[in-house]
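Q: Got a structure for you, written out below as structure tokens; questions coming shortly.
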Amino acid sequence: MSEDSIRWRVDEDVARAETIDVRLQFEPAAHAHAIERVLARSWQLVPLPEPTARIEPFTLLDGALDEPLVLVRDGDEERVLSNVCTHRGALLAEAPSDAAGLRCRYHGRRFGLDGTLGTCPGFEGAEEFPRPTDHLARVPLHRIGPLRFTSIAPELDFEEWAAPVREALSEFGDDANYTFAPDASRLFDVECGWAVYCENYLEGFHIPFVHPTLNAGLDFERYTTELEPYAVRQLGYGRRGEPELARGDGVVAEYLWLYPNLMVNVYVWGISINVVEPVGVGRSRVRYLRWVVRPEHVETGVGSGLDEVEREDQEVVVSVQRGIRSRLYPGGRFSPEHETGPHRFQRLLARSLG
């Protein structure tokens with residue numbers, strides 16, 4: 001397959017649009033292209049829900065970007081630095097630590113918590129040394145509530161990209177106490193492409209057919225999809241006349257997707273996060289994380305039974321992943337009423353990829 005043979009275009013009119021070339025979901029070359037053109041330029045959640053050490057190494061999108069980074073806490077300031085020694089590329093921090101700096105175990109080079117090169121044995125005679133590239137690269141870090149975001153090569157302005165997250169979390173106020181719930185957090189390995197998983201999340205069209213318990217708590221006739229430049233917000237309303245925990249406008253669940261692979265779900269009890277991480281062609285890891293703000297409401301209303309909803313979704317997306325490889329499947333169309341979310345996602349993908 002040549003990259004030129006793939007049709008990346010998606011019509012701007014949802015009523016006319018055809019879905020993006022399905023080979024994106026299973027062709028190795030298309031998958032690699034998406035990693036570099038979409039995910040490498042995106043904002044990503046730092047996968048450290050509750051850091052406690054001064055130095056916390058992590059891999060950004062393990063299995064896709066595979067970028068070794070380290071979160072350092074220097075007094076009241078947090079930074080994200082490259083976790084690769086600038087001498088011969090050895091990893092610096094390989095476990096959480098409260099050390100005063102970073103030391104390479106290969107040749108003894110040391111770096112401060114701000115990434116500045118300190119001692120470097122054997123380089124006393126080196127000319128024009130150190131250069132700026134001999135210090136550790138620093139990448140941007142932003143925090144909203146309990147969530148930390150970083151990017152190795154951001155294409156989008158963070159504040160524009162993250163504005164919907166700030167709005168969603170305003171439900172709990174600026175002083176909300178978010179408590180991470182490790183027992184309710186999960187890692188799921190799913191046999192489907194990351195974009196297939198995202199497309200399923202981006203429409204409520206399937207809820208009455210796939211999620212009977214969830215559907216029983218929602219008024220599907222009032223289910224609403226709102227489009228942002230780089231986000232899609234879906235609002236689920238409780239059934240009229242039935243007791244349900246809801247905010248003032250009657251919304252019992254807010255499902256917020258941010259381009260390309262982040263989901264922020266807001267319930268009366270707090271938030272859950274889904275990060276869809278590509279780990280191979282047609283394979284994904286879904287990182288599910290939960291923070292509780294109002295513990296008295298946990299496992300109530302439509303914000304309960306989320307493991308069941310996840311299982312139902314996974315069964316469907318695995319079926320889709322198998323089906324789209326059919327030589328007889330020509331690609332589909334979008335429901336103008338129910339699938340504006342997947343259409344927005346595919347339009348953004350087409351722009352990034354094409």
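Just remember, in the structure tokens the first chain shown is A, the second B, etc., residues are 1-based per chain, and ligands are 1-based in the order shown.
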Determine, for each residue of region 63-166 of chain A having at least one atom at most 10 Å from an atom of region 171-189 of chain A, the closest pair of atoms and their separation in Å to one decimal, counting only C-alpha atoms; order by chain and ascending number, as a Markdown table.
A:
```
| residue | atom | partner | partner_atom | distance |
| --- | --- | --- | --- | --- |
| A:Ile144 | CA | A:Asp174 | CA | 9.7 |
| A:Gly145 | CA | A:Tyr178 | CA | 7.5 |
| A:Pro146 | CA | A:Tyr178 | CA | 6.5 |
| A:Leu147 | CA | A:Tyr178 | CA | 9.9 |
| A:Arg166 | CA | A:Glu171 | CA | 9.3 |
```
Q: Near region 123-135 of chain A, counting only C-alpha atoms, which residues have an atom at most 10 Å away, once you skip same-chain residues fewer than 6 positions from it, shown as a list of chain:residue names?
A: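 Everything that qualifies: A:Leu81, A:Ser82, A:Cys85, A:Thr86, A:His87, A:Arg109, A:Arg110, A:Phe111, A:Gly112, A:Asp114, A:Gly115, A:Thr116, A:Leu117.
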Q: Nearest to Ile207 (chain A): which of A:Arg327, A:Arg347, A:His31, A:His338 is it, counting only C-alpha atoms?
A: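 The closest residue to Ile207 (chain A) is A:His338.
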Q: Could I get the residues of region 200-235 of chain A with an atom no further than 8 Å from an atom of region 295-310 of chain A, each paired with its nearest atom pair and that distance in Å to one decimal, using only C-alpha atoms, sorted by chain and residue number, as CSV?
A:
```
residue,atom,partner,partner_atom,distance
A:His211,CA,A:Val309,CA,6.5
A:Leu214,CA,A:Val302,CA,6.1
A:Gly217,CA,A:Val302,CA,5.9
A:Leu218,CA,A:Val302,CA,7.6
```
Q: Which of these, A:Val72, A:Leu91, A:Val38, A:Leu328, has the shortest distance to Pro154 (chain A) once you count only C-alpha atoms?
A: A:Val38
Q: Write out as a ChimeraX atom specification each polymer residue whose atoms come within 8 Å of Leu71 (chain A), counting only C-alpha atoms; drop sequence neighbours fewer than 6 positions from it.
A: /A:54-58,78-81
Q: Quick one: pull the distance between CA of Tyr223 (chain A) and CA of Ala163 (chain A), Å, one decimal.
A: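 These two atoms are separated by 22.1 Å.
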Q: Report, in Å to a single decimal, how far apart CA of Cys198 (chain A) and CA of Val320 (chain A) are.
A: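 Calculated distance between CA of Val320 (chain A) and CA of Cys198 (chain A) is 12.2 Å.
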Q: Between A:Thr119, A:Ser42, A:Gln234, A:Thr52, which residue has the minimum interatomic distance to Ser151 (chain A), considering only C-alpha atoms?
A: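 Answer, going by the shortest atom-to-atom distance: A:Ser42.
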Q: Which neighbours of region 61-65 of chain A fall inside 7 Å, counting only C-alpha atoms, when residues of the same chain fewer than 4 positions from it are skipped, and could you give them as a PyMOL selection string?
A: chain A and resi 35+40+277-280
